[in-house]
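Undergrad: I have a structure here, written as structure tokens, and I will follow up with some questions on it.
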Amino acid sequence: WSEFAPDVDAINRLKREKNAVILAHNYQTPEIFHGVADIVGDSLALAREAMKVDADVIVLAGVHFMAETAKLLNPAKRVLIPDLRAGCSLAESITAEDVRLLRQRWPGVPVVTYVNTSAAVKAESDICCTSGNARKIVESLGVPKVIMLPDEYLAQNIAKETNVEIITWAGHCEVHERFSAADVRQLRAGHPGVVVLAHPECPPEVVAEADFAGSTAAMADYVTREQPGRVVLMTECSMSDNIAALNPGIDFVRPCNLCPHMKRITLPKIRRALETMQHEVTIDPAVSAAARRAVERMLAVH
Ligand code: 13P
Ligand code: SF4
């Protein structure tokens with residue numbers, strides 16, 4: 001930890017000077033997660049907490065769509081992302097024009113959009129969802145059929161839990177699509193008694209073989225509550241690192257996959273963001289009101 005101390009100290013001083021808070025996703029590295037973040041969580045928690053912030057500046061230690069969501073909910077605040085190139089393969093997989101074409105193909109069918117999308121795509125949607133509330137959002141609409149974008153696997157996993165028919169899009173998370181059912185079987189054979197937790201962005205065959213599937217926050221809660229002796233998290237690597245530090249008695253089995261986008265955010269870049277007030281996230285005024293409506297509709301569902 002001593003190698004991180006100069007940046008951690010500088011960031012914590014800059015936060016006070018600039019009246020800033022750091023919101024960090026569960027996939028951020030431990031020195032960010034434990035060292036400088038004010039609020040940590042899954043995408044849903046970060047959106048909810050963003051609504052409550054009263055600091056002048058929000059630094060989003062996560063990927064671009066998360067910073068956009070924070071900005072949508074805080075139009076008057078300055079929202080910074082330490083590296084503008086921190087994207088997401090799901091957000092890249094679909095455009096606003098794609099959504100308009102889907103609506104033409106399926107007239108009257110509501111569009112439920114995962115938060116892992118651009119503001120322009122959210123603006124074409126009826127309501128957003130996260131991995132933590134997807135089923136609840138789909139069922140809240142009270143309709144027999146929905147379009148769910150853009151994560152095909154999340155949509156297929158939710159379709160198994162509900163009677164609502166779900167039309168999917170072929171977007172995938174480049175981190176979670178790499179896990180296979182064979183990986184789960186090998187892990188069980190090599191690590192007797194291991195409890196397997198999977199993120200619902202994993203292919204359905206992986207979720208079917210797992211003991212539990214849920215958002216990053218739901219996986220962390222499971223580990224804290226159940227205290228399995230040995231566990232593997234079929235998700236991004238920092239997730240295990242962060243919760244291992246809080247649960248020293250548990251054997252966390254690897255492998256895991258790294259998200260190159262999340263890993264673009266580093267302590268030196270967070271420090272630089274606060275020193276220079278860069279990079280400010282802005283939203284095209286032509287889409288902001290409609291995108292905000294889709295996010296706020298999601299947050300209004302309990
Ligand atoms: P959650 O933290 O909402 O489960 O999302 C996982 C993810 O891949 C975010 O990029
Ligand atoms: Fe996107 Fe997957 Fe990375 Fe999350 S882990 S930011 S869904 S590519």
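Chain labels run A, B, ... following the order of the structure tokens; each chain numbers its residues from 1, and ligands are numbered from 1 in the order shown.
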Show me which residues are within 6 Å of ligand 1 counting only C-alpha atoms and all ligand atoms, and format the list as a VMD selection string.
TA: chain A and resid 42 to 44 130 to 131 215 to 216
Undergrad: Take the residues from that selection and put them in a file with N, CA and C atoms, as a PDB file, in the first residue's frame.
TA:
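Output contents, as saved in again-v7.pdb:
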```
ATOM      1  N   ASP A  42     -22.723  -1.324  -7.228  1.00  0.00           N
ATOM      2  CA  ASP A  42     -23.029  -1.769  -8.586  1.00  0.00           C
ATOM      3  C   ASP A  42     -23.630  -0.582  -9.358  1.00  0.00           C
ATOM      4  N   SER A  43     -24.005  -0.832 -10.605  1.00  0.00           N
ATOM      5  CA  SER A  43     -24.497   0.279 -11.433  1.00  0.00           C
ATOM      6  C   SER A  43     -25.743   0.912 -10.826  1.00  0.00           C
ATOM      7  N   LEU A  44     -26.602   0.096 -10.238  1.00  0.00           N
ATOM      8  CA  LEU A  44     -27.840   0.615  -9.656  1.00  0.00           C
ATOM      9  C   LEU A  44     -27.541   1.502  -8.448  1.00  0.00           C
ATOM     10  N   THR A 130     -30.902  -2.291 -14.675  1.00  0.00           N
ATOM     11  CA  THR A 130     -29.541  -2.755 -14.412  1.00  0.00           C
ATOM     12  C   THR A 130     -29.628  -4.265 -14.186  1.00  0.00           C
ATOM     13  N   SER A 131     -28.482  -4.893 -13.961  1.00  0.00           N
ATOM     14  CA  SER A 131     -28.536  -6.326 -13.683  1.00  0.00           C
ATOM     15  C   SER A 131     -29.213  -6.585 -12.338  1.00  0.00           C
ATOM     16  N   SER A 215     -26.185  -9.305  -9.657  1.00  0.00           N
ATOM     17  CA  SER A 215     -25.344  -8.144  -9.954  1.00  0.00           C
ATOM     18  C   SER A 215     -24.094  -8.184  -9.073  1.00  0.00           C
ATOM     19  N   THR A 216     -23.183  -7.283  -9.329  1.00  0.00           N
ATOM     20  CA  THR A 216     -21.953  -7.277  -8.518  1.00  0.00           C
ATOM     21  C   THR A 216     -22.286  -7.049  -7.039  1.00  0.00           C
TER      22      THR A 216
END
```
Undergrad: May I ask you to write as a short mmCIF file (atom, residue, chain, number, x, y, z; two decimals) with C-alpha atoms, in the first residue's frame all residues lying at most 7 Å from ligand 2, with only C-alpha atoms and all ligand atoms counted?
TA:
```cif
data_model
loop_
_atom_site.label_atom_id
_atom_site.label_comp_id
_atom_site.auth_asym_id
_atom_site.auth_seq_id
_atom_site.Cartn_x
_atom_site.Cartn_y
_atom_site.Cartn_z
CA VAL A 63 -16.83 3.56 -17.37
CA GLY A 87 -15.99 2.50 -22.74
CA CYS A 88 -17.97 -0.75 -22.73
CA SER A 89 -18.52 -3.43 -25.38
CA LEU A 90 -22.24 -3.46 -24.60
CA ASN A 116 -24.71 -0.03 -20.17
CA CYS A 173 -20.02 -8.02 -22.43
CA GLU A 174 -16.51 -8.87 -23.59
CA VAL A 175 -15.58 -9.89 -20.04
CA HIS A 176 -18.49 -12.18 -19.20
CA GLU A 236 -14.29 -9.14 -13.41
CA CYS A 259 -12.25 -5.45 -18.11
CA PRO A 260 -9.79 -3.30 -20.10
CA HIS A 261 -12.17 -0.35 -19.94
CA MET A 262 -12.53 -0.37 -16.16
#
```
Undergrad: Residues of stretch 177-252 of chain A classed as helix (DSSP H, G or I) by DSSP on the backbone are to be reported as a PyMOL selection string.
TA: chain A and resi 177-178+181-190+204-209+216-226+237-246
Undergrad: Restricting the output to N, CA and C atoms, write the selected residues as a compact mmCIF listing (two decimals), in the first residue's frame.
TA:
```txt
# COMPACT_ATOMS: atom_id res chain seq x y z
N GLU A 177 -18.72 -12.80 -21.56
CA GLU A 177 -18.99 -13.79 -22.62
C GLU A 177 -17.89 -14.84 -22.70
N ARG A 178 -16.74 -14.57 -22.06
CA ARG A 178 -15.62 -15.52 -22.16
C ARG A 178 -15.76 -16.71 -21.21
N ALA A 181 -19.64 -23.00 -19.60
CA ALA A 181 -20.11 -24.02 -18.67
C ALA A 181 -18.98 -25.00 -18.34
N ALA A 182 -18.10 -25.24 -19.33
CA ALA A 182 -16.96 -26.14 -19.09
C ALA A 182 -16.04 -25.54 -18.02
N ASP A 183 -15.89 -24.21 -18.02
CA ASP A 183 -15.07 -23.56 -16.97
C ASP A 183 -15.65 -23.88 -15.59
N VAL A 184 -16.97 -23.79 -15.48
CA VAL A 184 -17.60 -24.03 -14.17
C VAL A 184 -17.36 -25.48 -13.74
N ARG A 185 -17.52 -26.41 -14.68
CA ARG A 185 -17.33 -27.84 -14.32
C ARG A 185 -15.89 -28.10 -13.92
N GLN A 186 -14.95 -27.50 -14.64
CA GLN A 186 -13.53 -27.67 -14.30
C GLN A 186 -13.21 -27.10 -12.92
N LEU A 187 -13.79 -25.94 -12.63
CA LEU A 187 -13.56 -25.31 -11.32
C LEU A 187 -14.10 -26.20 -10.20
N ARG A 188 -15.28 -26.77 -10.43
CA ARG A 188 -15.86 -27.64 -9.40
C ARG A 188 -14.99 -28.88 -9.20
N ALA A 189 -14.46 -29.42 -10.31
CA ALA A 189 -13.63 -30.63 -10.20
C ALA A 189 -12.31 -30.32 -9.50
N GLY A 190 -11.75 -29.14 -9.80
CA GLY A 190 -10.43 -28.80 -9.24
C GLY A 190 -10.48 -28.22 -7.84
N PRO A 204 -26.17 -17.96 -20.61
CA PRO A 204 -27.14 -18.71 -19.79
C PRO A 204 -26.60 -20.07 -19.34
N GLU A 205 -25.78 -20.73 -20.16
CA GLU A 205 -25.24 -22.04 -19.78
C GLU A 205 -24.36 -21.91 -18.52
N VAL A 206 -23.71 -20.77 -18.36
CA VAL A 206 -22.88 -20.54 -17.17
C VAL A 206 -23.77 -20.30 -15.95
N VAL A 207 -24.78 -19.45 -16.14
CA VAL A 207 -25.71 -19.15 -15.04
C VAL A 207 -26.41 -20.44 -14.59
N ALA A 208 -26.75 -21.31 -15.58
CA ALA A 208 -27.43 -22.57 -15.24
C ALA A 208 -26.56 -23.47 -14.37
N GLU A 209 -25.25 -23.40 -14.55
CA GLU A 209 -24.33 -24.26 -13.78
C GLU A 209 -23.92 -23.63 -12.45
N THR A 216 -23.18 -7.28 -9.33
CA THR A 216 -21.95 -7.28 -8.52
C THR A 216 -22.29 -7.05 -7.04
N ALA A 217 -23.26 -6.18 -6.77
CA ALA A 217 -23.65 -5.94 -5.37
C ALA A 217 -24.30 -7.19 -4.77
N ALA A 218 -25.11 -7.88 -5.58
CA ALA A 218 -25.78 -9.09 -5.07
C ALA A 218 -24.74 -10.18 -4.78
N MET A 219 -23.70 -10.27 -5.61
CA MET A 219 -22.64 -11.27 -5.34
C MET A 219 -21.89 -10.91 -4.06
N ALA A 220 -21.58 -9.64 -3.87
CA ALA A 220 -20.88 -9.22 -2.65
C ALA A 220 -21.74 -9.51 -1.42
N ASP A 221 -23.03 -9.23 -1.52
CA ASP A 221 -23.94 -9.49 -0.38
C ASP A 221 -24.00 -10.99 -0.09
N TYR A 222 -24.04 -11.80 -1.14
CA TYR A 222 -24.10 -13.26 -0.96
C TYR A 222 -22.88 -13.72 -0.16
N VAL A 223 -21.70 -13.26 -0.57
CA VAL A 223 -20.46 -13.70 0.10
C VAL A 223 -20.46 -13.25 1.56
N THR A 224 -20.85 -12.01 1.81
CA THR A 224 -20.85 -11.49 3.18
C THR A 224 -21.84 -12.26 4.06
N ARG A 225 -22.99 -12.54 3.48
CA ARG A 225 -24.08 -13.20 4.25
C ARG A 225 -23.79 -14.68 4.48
N GLU A 226 -23.42 -15.40 3.41
CA GLU A 226 -23.30 -16.86 3.47
C GLU A 226 -21.93 -17.33 3.95
N CYS A 237 -12.07 -9.33 -12.44
CA CYS A 237 -11.13 -9.74 -11.38
C CYS A 237 -11.15 -8.88 -10.11
N SER A 238 -11.31 -7.57 -10.25
CA SER A 238 -11.22 -6.71 -9.06
C SER A 238 -12.32 -7.00 -8.05
N MET A 239 -13.41 -7.56 -8.54
CA MET A 239 -14.53 -7.91 -7.65
C MET A 239 -14.04 -8.82 -6.50
N SER A 240 -13.33 -9.88 -6.86
CA SER A 240 -12.81 -10.78 -5.82
C SER A 240 -11.79 -10.06 -4.96
N ASP A 241 -10.90 -9.28 -5.59
CA ASP A 241 -9.86 -8.58 -4.82
C ASP A 241 -10.51 -7.68 -3.77
N ASN A 242 -11.55 -6.96 -4.17
CA ASN A 242 -12.17 -6.00 -3.24
C ASN A 242 -12.90 -6.69 -2.09
N ILE A 243 -13.63 -7.77 -2.40
CA ILE A 243 -14.36 -8.37 -1.28
C ILE A 243 -13.48 -9.34 -0.49
N ALA A 244 -12.40 -9.83 -1.11
CA ALA A 244 -11.47 -10.68 -0.35
C ALA A 244 -10.88 -9.89 0.81
N ALA A 245 -10.59 -8.61 0.57
CA ALA A 245 -9.99 -7.78 1.62
C ALA A 245 -10.94 -7.65 2.82
N LEU A 246 -12.25 -7.75 2.56
CA LEU A 246 -13.24 -7.61 3.64
C LEU A 246 -13.62 -8.95 4.27
```
Undergrad: Just the number, please: distance in Å from atom CA of A:Asp38 to atom CA of A:Ala55, one decimal.
TA: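 If I compute the distance from atom CA of A:Asp38 to atom CA of A:Ala55, I get 11.4 Å.
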Undergrad: Please run DSSP on the backbone and report, as a ChimeraX atom specification, all residues within stretch 110-273 of chain A that come out as strand (DSSP E or B).
TA: /A:111-114,127-129,145-149,151,165-167,171,195-198,212-213,230-234,236,251-253,257
Undergrad: Mind dumping the selected residues with N, CA and C atoms as an mmCIF file, in the first residue's frame?
TA:
```
data_model
loop_
_atom_site.group_PDB
_atom_site.id
_atom_site.type_symbol
_atom_site.label_atom_id
_atom_site.label_comp_id
_atom_site.auth_asym_id
_atom_site.auth_seq_id
_atom_site.Cartn_x
_atom_site.Cartn_y
_atom_site.Cartn_z
ATOM 1 N N VAL A 111 -39.497 -0.735 -24.881
ATOM 2 C CA VAL A 111 -38.050 -0.976 -24.950
ATOM 3 C C VAL A 111 -37.447 -0.772 -23.553
ATOM 4 N N VAL A 112 -36.880 -1.860 -23.022
ATOM 5 C CA VAL A 112 -36.187 -1.826 -21.731
ATOM 6 C C VAL A 112 -34.691 -1.839 -22.044
ATOM 7 N N THR A 113 -33.991 -0.814 -21.622
ATOM 8 C CA THR A 113 -32.579 -0.666 -22.005
ATOM 9 C C THR A 113 -31.672 -0.752 -20.789
ATOM 10 N N TYR A 114 -30.715 -1.630 -20.888
ATOM 11 C CA TYR A 114 -29.693 -1.782 -19.844
ATOM 12 C C TYR A 114 -28.945 -0.454 -19.710
ATOM 13 N N ILE A 127 -37.656 2.720 -20.672
ATOM 14 C CA ILE A 127 -37.205 2.620 -19.281
ATOM 15 C C ILE A 127 -35.843 1.917 -19.275
ATOM 16 N N CYS A 128 -35.024 2.245 -18.295
ATOM 17 C CA CYS A 128 -33.729 1.561 -18.160
ATOM 18 C C CYS A 128 -33.832 0.449 -17.124
ATOM 19 N N CYS A 129 -32.815 -0.390 -17.094
ATOM 20 C CA CYS A 129 -32.689 -1.389 -16.027
ATOM 21 C C CYS A 129 -31.211 -1.627 -15.787
ATOM 22 N N LYS A 145 -44.956 -8.703 -23.630
ATOM 23 C CA LYS A 145 -43.742 -8.773 -24.456
ATOM 24 C C LYS A 145 -42.940 -7.475 -24.330
ATOM 25 N N VAL A 146 -41.628 -7.583 -24.189
ATOM 26 C CA VAL A 146 -40.770 -6.384 -24.180
ATOM 27 C C VAL A 146 -39.563 -6.627 -25.079
ATOM 28 N N ILE A 147 -38.972 -5.532 -25.513
ATOM 29 C CA ILE A 147 -37.662 -5.586 -26.181
ATOM 30 C C ILE A 147 -36.651 -5.254 -25.092
ATOM 31 N N MET A 148 -35.602 -6.064 -24.951
ATOM 32 C CA MET A 148 -34.601 -5.786 -23.915
ATOM 33 C C MET A 148 -33.230 -5.676 -24.574
ATOM 34 N N LEU A 149 -32.594 -4.522 -24.393
ATOM 35 C CA LEU A 149 -31.353 -4.185 -25.097
ATOM 36 C C LEU A 149 -30.236 -3.864 -24.129
ATOM 37 N N ASP A 151 -27.943 -6.408 -24.071
ATOM 38 C CA ASP A 151 -27.209 -7.614 -23.644
ATOM 39 C C ASP A 151 -28.067 -8.867 -23.855
ATOM 40 N N GLU A 165 -42.460 -12.335 -22.495
ATOM 41 C CA GLU A 165 -41.638 -12.710 -23.658
ATOM 42 C C GLU A 165 -40.622 -11.596 -23.924
ATOM 43 N N ILE A 166 -39.376 -11.974 -24.166
ATOM 44 C CA ILE A 166 -38.333 -10.949 -24.323
ATOM 45 C C ILE A 166 -37.670 -11.056 -25.693
ATOM 46 N N ILE A 167 -37.708 -9.938 -26.417
ATOM 47 C CA ILE A 167 -37.007 -9.847 -27.709
ATOM 48 C C ILE A 167 -35.609 -9.317 -27.405
ATOM 49 N N GLY A 171 -25.908 -7.962 -28.333
ATOM 50 C CA GLY A 171 -24.747 -7.346 -27.671
ATOM 51 C C GLY A 171 -24.235 -8.259 -26.567
ATOM 52 N N VAL A 195 -18.232 -22.683 -4.118
ATOM 53 C CA VAL A 195 -19.532 -22.087 -4.440
ATOM 54 C C VAL A 195 -19.314 -21.162 -5.637
ATOM 55 N N VAL A 196 -20.150 -21.342 -6.672
ATOM 56 C CA VAL A 196 -19.952 -20.612 -7.925
ATOM 57 C C VAL A 196 -20.995 -19.497 -8.047
ATOM 58 N N LEU A 197 -20.504 -18.271 -8.107
ATOM 59 C CA LEU A 197 -21.397 -17.123 -8.300
ATOM 60 C C LEU A 197 -21.143 -16.554 -9.687
ATOM 61 N N ALA A 198 -22.207 -16.234 -10.429
ATOM 62 C CA ALA A 198 -22.035 -15.730 -11.792
ATOM 63 C C ALA A 198 -22.804 -14.436 -11.976
ATOM 64 N N PHE A 212 -25.504 -19.355 -7.822
ATOM 65 C CA PHE A 212 -26.228 -18.098 -7.623
ATOM 66 C C PHE A 212 -25.819 -17.147 -8.742
ATOM 67 N N ALA A 213 -26.771 -16.358 -9.222
ATOM 68 C CA ALA A 213 -26.433 -15.318 -10.201
ATOM 69 C C ALA A 213 -27.010 -13.996 -9.731
ATOM 70 N N ARG A 230 -15.175 -21.460 0.352
ATOM 71 C CA ARG A 230 -14.430 -21.331 -0.899
ATOM 72 C C ARG A 230 -15.413 -20.849 -1.966
ATOM 73 N N VAL A 231 -15.037 -19.828 -2.716
ATOM 74 C CA VAL A 231 -15.981 -19.258 -3.675
ATOM 75 C C VAL A 231 -15.246 -18.841 -4.937
ATOM 76 N N VAL A 232 -15.941 -18.890 -6.070
ATOM 77 C CA VAL A 232 -15.389 -18.320 -7.304
ATOM 78 C C VAL A 232 -16.426 -17.366 -7.871
ATOM 79 N N LEU A 233 -15.967 -16.187 -8.301
ATOM 80 C CA LEU A 233 -16.865 -15.191 -8.878
ATOM 81 C C LEU A 233 -16.614 -15.150 -10.375
ATOM 82 N N MET A 234 -17.617 -15.580 -11.158
ATOM 83 C CA MET A 234 -17.480 -15.571 -12.613
ATOM 84 C C MET A 234 -17.770 -14.144 -13.082
ATOM 85 N N GLU A 236 -15.535 -9.890 -13.257
ATOM 86 C CA GLU A 236 -14.287 -9.139 -13.414
ATOM 87 C C GLU A 236 -13.392 -9.351 -12.188
ATOM 88 N N ASP A 251 -11.672 -18.488 0.912
ATOM 89 C CA ASP A 251 -10.735 -18.819 -0.172
ATOM 90 C C ASP A 251 -11.383 -18.401 -1.502
ATOM 91 N N PHE A 252 -10.859 -17.360 -2.122
ATOM 92 C CA PHE A 252 -11.384 -16.895 -3.416
ATOM 93 C C PHE A 252 -10.612 -17.572 -4.536
ATOM 94 N N VAL A 253 -11.315 -18.440 -5.283
ATOM 95 C CA VAL A 253 -10.679 -19.195 -6.370
ATOM 96 C C VAL A 253 -10.702 -18.327 -7.627
ATOM 97 N N ASN A 257 -11.797 -12.584 -15.338
ATOM 98 C CA ASN A 257 -11.421 -11.857 -16.560
ATOM 99 C C ASN A 257 -11.325 -10.366 -16.252
#
```
Undergrad: How many Å lie between atom CA of A:Glu68 and atom CA of A:Lys18, rounded to one decimal?
TA: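 About the pair atom CA of A:Glu68 and atom CA of A:Lys18: they are 20.5 Å apart.
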Undergrad: Check which residues of stretch 100-129 of chain A sit at most 8 Å from stretch 271-291 of chain A using only C-alpha atoms, and return one row each with the closest pair of atoms and their distance in Å to one decimal, ordered by chain and rising number, as CSV.
TA:
```
residue,atom,partner,partner_atom,distance
A:Ala119,CA,A:Ala291,CA,5.6
A:Ala120,CA,A:Val287,CA,5.7
A:Val121,CA,A:Ala291,CA,7.7
A:Lys122,CA,A:Ala291,CA,4.8
A:Ala123,CA,A:Ala291,CA,3.8
A:Glu124,CA,A:Ala290,CA,7.3
A:Ser125,CA,A:Ala291,CA,7.6
```
Undergrad: Would you save the residues of that selection, restricted to C-alpha atoms, as a PDB file, in the first residue's frame?
TA:
```
ATOM      1  CA  ALA A 119     -27.414   8.526 -23.454  1.00  0.00           C
ATOM      2  CA  ALA A 120     -28.584   8.614 -27.092  1.00  0.00           C
ATOM      3  CA  VAL A 121     -29.755   4.983 -26.847  1.00  0.00           C
ATOM      4  CA  LYS A 122     -31.390   5.606 -23.458  1.00  0.00           C
ATOM      5  CA  ALA A 123     -33.255   8.527 -25.025  1.00  0.00           C
ATOM      6  CA  GLU A 124     -34.933   6.129 -27.488  1.00  0.00           C
ATOM      7  CA  SER A 125     -36.010   3.804 -24.656  1.00  0.00           C
TER       8      SER A 125
END
```
Undergrad: Between atom CA of A:Val59 and atom CA of A:Ile270, measure the distance and give it in Å to one decimal.
TA: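 These two atoms are separated by 7.7 Å.
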Undergrad: Just checking: using only C-alpha atoms, which residue out of A:Ile32, A:Ala91, A:Ala294, A:Ala210 ends up closest to A:Phe4?
TA: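 So, comparing all the options, the nearest one is A:Ile32.
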Undergrad: Identify, on the basis of only C-alpha atoms, every residue whose closest approach to A:Asp56 does not exceed 9 Å; exclude the query and any residue fewer than 5 positions from it along the same chain; express the result as a VMD selection string.
TA: chain A and resid 18 to 21 76 to 79
Undergrad: Please write the residues from the selection above to a file, keeping N, CA and C atoms, as a tab-separated table (two decimals), in the first residue's frame.
TA:
```tsv
chain	number	residue	atom	x	y	z
A	18	LYS	N	-11.78	20.71	-3.49
A	18	LYS	CA	-12.68	20.96	-4.64
A	18	LYS	C	-14.13	20.60	-4.33
A	19	ASN	N	-14.39	20.20	-3.11
A	19	ASN	CA	-15.73	19.72	-2.72
A	19	ASN	C	-16.20	18.65	-3.71
A	20	ALA	N	-15.43	17.59	-3.81
A	20	ALA	CA	-15.70	16.51	-4.78
A	20	ALA	C	-15.95	15.20	-4.05
A	21	VAL	N	-16.73	14.33	-4.70
A	21	VAL	CA	-16.88	12.95	-4.20
A	21	VAL	C	-16.48	11.99	-5.31
A	76	ALA	N	-26.67	19.96	-13.14
A	76	ALA	CA	-26.01	21.20	-12.74
A	76	ALA	C	-24.62	20.97	-12.14
A	77	LYS	N	-24.25	19.72	-11.90
A	77	LYS	CA	-22.95	19.45	-11.28
A	77	LYS	C	-21.90	19.13	-12.33
A	78	ARG	N	-20.65	19.26	-11.90
A	78	ARG	CA	-19.56	18.88	-12.80
A	78	ARG	C	-19.27	17.40	-12.59
A	79	VAL	N	-19.38	16.60	-13.63
A	79	VAL	CA	-19.09	15.16	-13.54
A	79	VAL	C	-17.83	14.89	-14.35
```
Undergrad: Nearest to A:Pro192: which of A:Asp126, A:Ile250, A:Gly229, A:Thr117 is it, counting only C-alpha atoms?
TA: A:Gly229
